[in-house]
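Asker: Please see the structure below; I have some questions.
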Amino acid sequence: MQGEFSLGDLAVRFGLALRGEPELKVSRVATLSHAGSGTLSFLANPRYRKQMETTRATAVLVGPENAAGCPVAALIDPNPYLAYARIAELLHPQAPPVAGIHPTAVVSASARIAASAGVGPLAVIEDDADIGEGVFVGPGCIVQRGALIGAGSRLMSRVNVCAGVRIGRRCILHAGAVVGADGFGFAPDAGTWVKVPQVGTVQIGDDVEIGANTTIDRGAIDDTVVENGVKLDNQIQVGHNVTIGAHTAIAGCVGISGSTTIGRRCMIGGGVGIAGHLTIADDVVVTGCSLVSASIRNPGSYSSGMPTVETRLWRRMVAHLRRLEGKER
Amino acid sequence: MQGEFSLGDLAVRFGLALRGEPELKVSRVATLSHAGSGTLSFLANPRYRKQMETTRATAVLVGPENAAGCPVAALIDPNPYLAYARIAELLHPQAPPVAGIHPTAVVSASARIAASAGVGPLAVIEDDADIGEGVFVGPGCIVQRGALIGAGSRLMSRVNVCAGVRIGRRCILHAGAVVGADGFGFAPDAGTWVKVPQVGTVQIGDDVEIGANTTIDRGAIDDTVVENGVKLDNQIQVGHNVTIGAHTAIAGCVGISGSTTIGRRCMIGGGVGIAGHLTIADDVVVTGCSLVSASIRNPGSYSSGMPTVETRLWRRMVAHLRRLEGKER
Amino acid sequence: MQGEFSLGDLAVRFGLALRGEPELKVSRVATLSHAGSGTLSFLANPRYRKQMETTRATAVLVGPENAAGCPVAALIDPNPYLAYARIAELLHPQAPPVAGIHPTAVVSASARIAASAGVGPLAVIEDDADIGEGVFVGPGCIVQRGALIGAGSRLMSRVNVCAGVRIGRRCILHAGAVVGADGFGFAPDAGTWVKVPQVGTVQIGDDVEIGANTTIDRGAIDDTVVENGVKLDNQIQVGHNVTIGAHTAIAGCVGISGSTTIGRRCMIGGGVGIAGHLTIADDVVVTGCSLVSASIRNPGSYSSGMPTVETRLWRRMVAHLRRLEGKER
């Protein structure tokens, strides 16, 4: 059962202006269009303004510019999405892990498991692994030899943390994530490939989130590094010896080749490919489905994703581009 | 051991014309080029017509236009690939799951498991999950708190169905699929990110197939929805609050950003990226490796995938495009 | 504990020239910039030459052209990266698997497990599977009915080898890899899809490496084939009935559609998409994020990945391309 909070209480706790009755109560969040009595909604993206006009929410979190148009009680903040995130966390708190080791988990005698940590069914904790206070190791997770999971981190389910990997505090790793598998390193030898041992590991900072089925390879010699506050969506591939700077956010299906360094506070759109051995500055935005094939030295927004047109038109555009080039040769 | 069927029997069961001996028998399917005695092959793609001329199959399923050219017995249908699909299912039937719970599975006392359901070794079924009649939960699968698996669905192996997710009837989920991990939602806060709780879930309709290592995120507030008959290939990423309309088929490695709605009977090629908050009409085809960055209002075929040319030529085309733009500024 | 080797010993074992004291000893590898006493480093990529000038490594593996510039002892080989790969393997040897079956593994009575094979905790080996000599089946791996794992192969952890799949000798499969899930085959039927049974399997040759969360589908009728020495990075999707020729290397996030044949010794860059039913010659290079939509008949390098520019400039380039096409119509 979630808690119930009055709008007055929320306004005080989160420093919000309130237009409406302070005694009104909300117990859960809802979208503008599906809200009902007792719910709190929010308006952050202007394309949903129309939905606010007919919402049945008890209250809506809005920016000052939208308070007048709100037909129900309004909690007002210049950054309504951020205020929403915090109130949603209050209304829908994450249950803390139940401390203790499930009897079906396989835990090495040499592993250190903090007293407040919870280890779920059929998890595997190998030799010398170190599981911090308040950590949750969900069902089917594997924490391999010598890996370290910092206090308060949660491995949701079926996460694989390979040997020697260090995960910081308060991280969240989603199902199917693999941290520390071998990087892709082979030396050519007369038409065949000789494997290059991958002897580095991975260092993940604090407050990092790693999406479902995302993979982060261990370093070839030095470590792969993901700094504090980085957020990685699902199905991302991070090559060996990549460094991702603090608070950078990367959307789904991005691939980052080995030894590339990405700056801080970058935002990388979905499906982007980033070549190896590059340097990307702080505060760079790359829009979806672009290919970064050279270093980016200055902050700003970069693109090369080609938007769809009708297939018939597209074929002509491609043919045209080829002809143009031909004329010039 | 598979069954053996006479061509006459197959012609009657499936309403096919037969040119050849009705007593000839087939027991398995084969490709035109690798067929032998007792096999049934088919010709659906004209590029394989040449292989039919020398096939050693006992019989070939063909369209009327190809019956005359078939050197062996011909089963004739205007849609030979569809007829093939049905006969292949008859010749190579899926074994029904063995009912019962493997002793190494970890099943909550509060979970409901139908009598005819089968739960494999080392599967985990959490509290209040509901496993329908005839369901197969394969080895290593995890069905989390309150999730529901509809009658006749099969979770092949190592599938992860997260808390509260509802899977319809007769669905097939392949290894490594993750349904219901958190969506990618963060509110910016002075150069850092605050997690937005993902309190929605996922609704999967009937007859949906979900490929290996495909991920479908739970909704931020409302649910992510995959309607009846949708077919998803491997390694697809479906963001939170996406809706995929009935009978849409999506090839591998596609990424769909949050809150986008895809229509019914669409066909999305491999590697396509689809931006967030878009609407795509019914009956839209998007060819491979395209980027859909704006809503598509009308049925039809859309493209932006650039085909390869020799690298030297490609570099000139790219340089040319940049110069052209420069001249015009 | 790793071993310690003198430079003289290494020069003799690997046929290297030595410039420096043969009694100097190294026990581990290091990058040029992070090397310390007792380490061996290497210079293969000229962009790191500057780092060599100040390295604190005990010795550096270099090509003859860089020996003079090396401030410490130099082991000299025309192919320093290859020599490095071999010496790194000597200094950091892979521990052989501990033979035996972990008591929590679930192994069918009809499975054959070689005496020298090791099966880790919570692995599942189904009926009639065949696990060769020296094989390692790591924690949480699933080897399904009738699958065969050749001698010396290693399934690192949470690998899923589906029914009937044959893996060669000395292969390495990383966490989350799925080999042999159903291909994506459906016959259209009046706006819905009928599943085409996928009755083939997968054949993997010797010395193949398969990256984390990579998926290789079983054949529709004949088998999907990956020949000897192929190296596949993470998050790759290989469709049904694809053939990948010997010693081809494929970087992360590549998608290969069904029934395509890729030649030998090809190199496919990250994020490439390859359409179905194509043939790609031997010795083809495809650079990152390209789309191969037609067969490639001749060896050489092919591209279509568009490099990023500033978003503002990119928008003008796209608009320009559309206008050009319009003028010509």
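Each chain in the structure tokens gets a letter, A, B and so on, in the order shown; residues start at 1 in every chain, and ligands are counted from 1 in the order they appear.
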DSSP on the backbone: what in range 45-80 of chain A comes out strand (DSSP E or B), as a ChimeraX atom specification?

Answerer: /A:59-62,73-76

Asker: Take the residues just selected and output them with all heavy atoms as a PDB file, in the first residue's frame.

Answerer:
ATOM      1  N   ALA A  59      -4.621  16.681  -8.925  1.00  0.00           N
ATOM      2  CA  ALA A  59      -3.703  17.820  -9.054  1.00  0.00           C
ATOM      3  C   ALA A  59      -2.726  17.554 -10.187  1.00  0.00           C
ATOM      4  O   ALA A  59      -2.487  16.400 -10.555  1.00  0.00           O
ATOM      5  CB  ALA A  59      -2.930  18.051  -7.749  1.00  0.00           C
ATOM      6  N   VAL A  60      -2.183  18.663 -10.732  1.00  0.00           N
ATOM      7  CA  VAL A  60      -1.205  18.552 -11.806  1.00  0.00           C
ATOM      8  C   VAL A  60       0.020  19.394 -11.426  1.00  0.00           C
ATOM      9  O   VAL A  60      -0.111  20.522 -10.956  1.00  0.00           O
ATOM     10  CB  VAL A  60      -1.782  19.046 -13.148  1.00  0.00           C
ATOM     11  CG1 VAL A  60      -0.748  18.881 -14.262  1.00  0.00           C
ATOM     12  CG2 VAL A  60      -3.055  18.289 -13.503  1.00  0.00           C
ATOM     13  N   LEU A  61       1.195  18.816 -11.623  1.00  0.00           N
ATOM     14  CA  LEU A  61       2.448  19.556 -11.484  1.00  0.00           C
ATOM     15  C   LEU A  61       2.700  20.291 -12.780  1.00  0.00           C
ATOM     16  O   LEU A  61       2.770  19.659 -13.848  1.00  0.00           O
ATOM     17  CB  LEU A  61       3.592  18.566 -11.264  1.00  0.00           C
ATOM     18  CG  LEU A  61       4.022  18.314  -9.838  1.00  0.00           C
ATOM     19  CD1 LEU A  61       4.804  17.014  -9.770  1.00  0.00           C
ATOM     20  CD2 LEU A  61       4.878  19.476  -9.342  1.00  0.00           C
ATOM     21  N   VAL A  62       2.849  21.601 -12.708  1.00  0.00           N
ATOM     22  CA  VAL A  62       3.028  22.395 -13.933  1.00  0.00           C
ATOM     23  C   VAL A  62       4.101  23.456 -13.719  1.00  0.00           C
ATOM     24  O   VAL A  62       4.428  23.801 -12.586  1.00  0.00           O
ATOM     25  CB  VAL A  62       1.716  23.116 -14.331  1.00  0.00           C
ATOM     26  CG1 VAL A  62       0.661  22.121 -14.758  1.00  0.00           C
ATOM     27  CG2 VAL A  62       1.222  23.992 -13.183  1.00  0.00           C
ATOM     28  N   ALA A  73      -6.390  21.414  -9.220  1.00  0.00           N
ATOM     29  CA  ALA A  73      -5.344  21.978  -8.360  1.00  0.00           C
ATOM     30  C   ALA A  73      -3.995  21.885  -9.063  1.00  0.00           C
ATOM     31  O   ALA A  73      -3.710  20.906  -9.756  1.00  0.00           O
ATOM     32  CB  ALA A  73      -5.297  21.219  -7.035  1.00  0.00           C
ATOM     33  N   ALA A  74      -3.169  22.910  -8.886  1.00  0.00           N
ATOM     34  CA  ALA A  74      -1.858  22.943  -9.547  1.00  0.00           C
ATOM     35  C   ALA A  74      -0.753  23.074  -8.511  1.00  0.00           C
ATOM     36  O   ALA A  74      -0.806  23.955  -7.646  1.00  0.00           O
ATOM     37  CB  ALA A  74      -1.800  24.100 -10.528  1.00  0.00           C
ATOM     38  N   LEU A  75       0.218  22.174  -8.601  1.00  0.00           N
ATOM     39  CA  LEU A  75       1.480  22.341  -7.871  1.00  0.00           C
ATOM     40  C   LEU A  75       2.457  22.914  -8.884  1.00  0.00           C
ATOM     41  O   LEU A  75       2.616  22.358  -9.983  1.00  0.00           O
ATOM     42  CB  LEU A  75       1.971  20.998  -7.329  1.00  0.00           C
ATOM     43  CG  LEU A  75       1.186  20.475  -6.112  1.00  0.00           C
ATOM     44  CD1 LEU A  75       1.417  18.984  -5.921  1.00  0.00           C
ATOM     45  CD2 LEU A  75       1.605  21.243  -4.849  1.00  0.00           C
ATOM     46  N   ILE A  76       3.102  24.006  -8.521  1.00  0.00           N
ATOM     47  CA  ILE A  76       3.814  24.807  -9.525  1.00  0.00           C
ATOM     48  C   ILE A  76       5.309  24.842  -9.218  1.00  0.00           C
ATOM     49  O   ILE A  76       5.721  25.130  -8.098  1.00  0.00           O
ATOM     50  CB  ILE A  76       3.249  26.252  -9.550  1.00  0.00           C
ATOM     51  CG1 ILE A  76       1.718  26.185  -9.787  1.00  0.00           C
ATOM     52  CG2 ILE A  76       3.919  27.079 -10.639  1.00  0.00           C
ATOM     53  CD1 ILE A  76       0.994  27.472  -9.452  1.00  0.00           C
TER      54      ILE A  76
END

Asker: What residues in chain C have any atom no more than 6 Å from chain B when counting only C-alpha atoms, and can you write them as a PyMOL selection string?

Answerer: chain C and resi 184+187+192+196-197+221+291-293+301-304+317

Asker: Val72 in chain C: which residues within 8 Å, counting only C-alpha atoms, same-chain residues fewer than 6 positions away excluded, as a count of residues only?

Answerer: 7

Asker: Could you give me, as a list in words, each residue of range 8-156 of chain C that DSSP assigns to alpha helix (DSSP H) when run on this structure's backbone?

Answerer: Gly8, Asp9, Leu10, Ala11, Val12, Arg13, Phe14, Arg49, Lys50, Gln51, Met52, Glu53, Pro64, Glu65, Asn66, Ala67, Pro80, Tyr81, Leu82, Ala83, Tyr84, Ala85, Arg86, Ile87, Ala88, Glu89, Leu90 and Leu91 of chain C

Asker: Once you have the residues from the selection above, write them out as an mmCIF file, in the first residue's frame, restricted to N, CA, C and O atoms.

Answerer:
data_model
loop_
_atom_site.group_PDB
_atom_site.id
_atom_site.type_symbol
_atom_site.label_atom_id
_atom_site.label_comp_id
_atom_site.auth_asym_id
_atom_site.auth_seq_id
_atom_site.Cartn_x
_atom_site.Cartn_y
_atom_site.Cartn_z
ATOM 1 N N GLY C 8 65.455 -12.351 -22.447
ATOM 2 C CA GLY C 8 66.206 -13.304 -23.270
ATOM 3 C C GLY C 8 65.357 -14.534 -23.560
ATOM 4 O O GLY C 8 65.296 -15.023 -24.700
ATOM 5 N N ASP C 9 64.707 -15.032 -22.534
ATOM 6 C CA ASP C 9 63.833 -16.198 -22.696
ATOM 7 C C ASP C 9 62.711 -15.898 -23.706
ATOM 8 O O ASP C 9 62.449 -16.682 -24.633
ATOM 9 N N LEU C 10 62.064 -14.737 -23.548
ATOM 10 C CA LEU C 10 60.965 -14.376 -24.462
ATOM 11 C C LEU C 10 61.478 -14.246 -25.893
ATOM 12 O O LEU C 10 60.821 -14.684 -26.847
ATOM 13 N N ALA C 11 62.670 -13.646 -26.066
ATOM 14 C CA ALA C 11 63.231 -13.467 -27.410
ATOM 15 C C ALA C 11 63.442 -14.821 -28.079
ATOM 16 O O ALA C 11 63.116 -15.008 -29.262
ATOM 17 N N VAL C 12 63.928 -15.769 -27.307
ATOM 18 C CA VAL C 12 64.166 -17.101 -27.873
ATOM 19 C C VAL C 12 62.853 -17.821 -28.178
ATOM 20 O O VAL C 12 62.653 -18.359 -29.267
ATOM 21 N N ARG C 13 61.924 -17.806 -27.199
ATOM 22 C CA ARG C 13 60.651 -18.516 -27.401
ATOM 23 C C ARG C 13 59.869 -18.006 -28.602
ATOM 24 O O ARG C 13 59.193 -18.760 -29.289
ATOM 25 N N PHE C 14 59.884 -16.694 -28.812
ATOM 26 C CA PHE C 14 59.004 -16.111 -29.824
ATOM 27 C C PHE C 14 59.763 -15.598 -31.052
ATOM 28 O O PHE C 14 59.182 -14.956 -31.912
ATOM 29 N N ARG C 49 52.871 6.548 -30.236
ATOM 30 C CA ARG C 49 54.336 6.618 -30.211
ATOM 31 C C ARG C 49 54.849 7.590 -29.141
ATOM 32 O O ARG C 49 55.814 7.309 -28.461
ATOM 33 N N LYS C 50 54.153 8.685 -29.009
ATOM 34 C CA LYS C 50 54.567 9.700 -28.036
ATOM 35 C C LYS C 50 54.592 9.111 -26.614
ATOM 36 O O LYS C 50 55.466 9.449 -25.807
ATOM 37 N N GLN C 51 53.619 8.219 -26.336
ATOM 38 C CA GLN C 51 53.577 7.613 -24.999
ATOM 39 C C GLN C 51 54.787 6.718 -24.757
ATOM 40 O O GLN C 51 55.189 6.517 -23.613
ATOM 41 N N MET C 52 55.352 6.174 -25.828
ATOM 42 C CA MET C 52 56.506 5.294 -25.645
ATOM 43 C C MET C 52 57.710 6.075 -25.112
ATOM 44 O O MET C 52 58.513 5.543 -24.346
ATOM 45 N N GLU C 53 57.791 7.313 -25.539
ATOM 46 C CA GLU C 53 58.992 8.089 -25.185
ATOM 47 C C GLU C 53 59.158 8.261 -23.683
ATOM 48 O O GLU C 53 60.264 8.485 -23.202
ATOM 49 N N PRO C 64 60.513 -2.920 -36.110
ATOM 50 C CA PRO C 64 61.889 -2.469 -36.323
ATOM 51 C C PRO C 64 61.985 -0.957 -36.492
ATOM 52 O O PRO C 64 62.950 -0.332 -36.022
ATOM 53 N N GLU C 65 60.972 -0.351 -37.086
ATOM 54 C CA GLU C 65 61.020 1.087 -37.360
ATOM 55 C C GLU C 65 60.922 1.914 -36.086
ATOM 56 O O GLU C 65 61.233 3.101 -36.088
ATOM 57 N N ASN C 66 60.485 1.305 -34.991
ATOM 58 C CA ASN C 66 60.339 2.052 -33.747
ATOM 59 C C ASN C 66 61.349 1.676 -32.675
ATOM 60 O O ASN C 66 61.319 2.231 -31.567
ATOM 61 N N ALA C 67 62.233 0.740 -33.002
ATOM 62 C CA ALA C 67 63.164 0.262 -31.975
ATOM 63 C C ALA C 67 64.103 1.367 -31.511
ATOM 64 O O ALA C 67 64.378 1.515 -30.312
ATOM 65 N N PRO C 80 54.398 -6.476 -34.091
ATOM 66 C CA PRO C 80 54.493 -6.440 -32.621
ATOM 67 C C PRO C 80 53.177 -6.778 -31.928
ATOM 68 O O PRO C 80 53.187 -7.311 -30.820
ATOM 69 N N TYR C 81 52.036 -6.487 -32.551
ATOM 70 C CA TYR C 81 50.752 -6.766 -31.892
ATOM 71 C C TYR C 81 50.532 -8.267 -31.783
ATOM 72 O O TYR C 81 50.062 -8.773 -30.749
ATOM 73 N N LEU C 82 50.910 -8.986 -32.833
ATOM 74 C CA LEU C 82 50.786 -10.448 -32.796
ATOM 75 C C LEU C 82 51.719 -11.044 -31.750
ATOM 76 O O LEU C 82 51.333 -11.916 -30.957
ATOM 77 N N ALA C 83 52.949 -10.549 -31.718
ATOM 78 C CA ALA C 83 53.884 -11.043 -30.698
ATOM 79 C C ALA C 83 53.355 -10.723 -29.302
ATOM 80 O O ALA C 83 53.434 -11.542 -28.374
ATOM 81 N N TYR C 84 52.786 -9.523 -29.157
ATOM 82 C CA TYR C 84 52.193 -9.151 -27.870
ATOM 83 C C TYR C 84 51.092 -10.136 -27.468
ATOM 84 O O TYR C 84 51.025 -10.585 -26.314
ATOM 85 N N ALA C 85 50.198 -10.459 -28.413
ATOM 86 C CA ALA C 85 49.082 -11.363 -28.101
ATOM 87 C C ALA C 85 49.610 -12.676 -27.535
ATOM 88 O O ALA C 85 49.079 -13.217 -26.556
ATOM 89 N N ARG C 86 50.677 -13.180 -28.135
ATOM 90 C CA ARG C 86 51.214 -14.486 -27.714
ATOM 91 C C ARG C 86 51.907 -14.406 -26.365
ATOM 92 O O ARG C 86 51.765 -15.299 -25.528
ATOM 93 N N ILE C 87 52.668 -13.343 -26.142
ATOM 94 C CA ILE C 87 53.366 -13.213 -24.861
ATOM 95 C C ILE C 87 52.351 -12.926 -23.742
ATOM 96 O O ILE C 87 52.470 -13.435 -22.627
ATOM 97 N N ALA C 88 51.331 -12.124 -24.049
ATOM 98 C CA ALA C 88 50.309 -11.845 -23.031
ATOM 99 C C ALA C 88 49.626 -13.142 -22.593
ATOM 100 O O ALA C 88 49.310 -13.327 -21.419
ATOM 101 N N GLU C 89 49.422 -14.035 -23.537
ATOM 102 C CA GLU C 89 48.815 -15.335 -23.213
ATOM 103 C C GLU C 89 49.743 -16.146 -22.301
ATOM 104 O O GLU C 89 49.289 -16.847 -21.393
ATOM 105 N N LEU C 90 51.048 -16.011 -22.522
ATOM 106 C CA LEU C 90 52.015 -16.712 -21.658
ATOM 107 C C LEU C 90 52.035 -16.110 -20.251
ATOM 108 O O LEU C 90 52.079 -16.818 -19.240
ATOM 109 N N LEU C 91 51.987 -14.770 -20.177
ATOM 110 C CA LEU C 91 52.065 -14.095 -18.871
ATOM 111 C C LEU C 91 50.756 -14.183 -18.085
ATOM 112 O O LEU C 91 50.759 -14.169 -16.863
#

Asker: What does the distance between CA of Gly183 in chain A and CA of Val242 in chain A come to in Å, to one decimal place?

Answerer: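 The value is 10.4 Å.
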
Asker: Excluding Gly132 in chain C and its own-chain neighbours fewer than 3 positions away, which residues fall within 8 Å of it when counting only C-alpha atoms? Please give them as a compact mmCIF listing (two decimals) with N, CA, C and O atoms, in the first residue's frame.

Answerer:
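Dumped everything to out-v3.txt:
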# COMPACT_ATOMS: atom_id res chain seq x y z
N ILE C 113 29.06 -36.30 -20.49
CA ILE C 113 29.96 -35.24 -20.01
C ILE C 113 31.35 -35.86 -19.93
O ILE C 113 31.58 -36.80 -19.18
N ALA C 114 32.30 -35.32 -20.71
CA ALA C 114 33.66 -35.87 -20.69
C ALA C 114 34.26 -35.73 -19.30
O ALA C 114 33.93 -34.79 -18.56
N ALA C 117 35.79 -32.40 -18.38
CA ALA C 117 34.96 -31.20 -18.51
C ALA C 117 34.56 -30.68 -17.14
O ALA C 117 34.46 -31.45 -16.17
N VAL C 135 36.01 -29.14 -21.80
CA VAL C 135 35.01 -28.07 -21.97
C VAL C 135 34.69 -27.46 -20.62
O VAL C 135 34.67 -28.14 -19.59
N LEU C 148 25.88 -30.25 -28.91
CA LEU C 148 27.22 -30.82 -28.81
C LEU C 148 28.22 -29.69 -28.63
O LEU C 148 28.24 -28.74 -29.42
N ILE C 149 29.06 -29.80 -27.59
CA ILE C 149 30.09 -28.79 -27.35
C ILE C 149 31.44 -29.47 -27.54
O ILE C 149 31.80 -30.37 -26.78
N GLY C 150 32.21 -29.00 -28.55
CA GLY C 150 33.47 -29.65 -28.90
C GLY C 150 34.56 -29.43 -27.86
O GLY C 150 34.51 -28.47 -27.07
N ALA C 151 35.57 -30.28 -27.91
CA ALA C 151 36.63 -30.30 -26.91
C ALA C 151 37.27 -28.93 -26.74
O ALA C 151 37.57 -28.23 -27.71
N GLY C 152 37.50 -28.55 -25.51
CA GLY C 152 38.23 -27.35 -25.20
C GLY C 152 37.44 -26.06 -25.29
O GLY C 152 37.99 -24.99 -25.06

Asker: Show which residues sit within 6 Å of range 105-107 of chain C, as number ranges by chain. Count only C-alpha atoms, and ignore same-chain residues fewer than 2 positions away.

Answerer: C: 102-103, 121-125

Asker: When you draw a straight line from CA of Val119 in chain C to CA of Pro96 in chain C, how long is it in Å?

Answerer: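 Between CA of Val119 in chain C and CA of Pro96 in chain C the gap is 12.4 Å.
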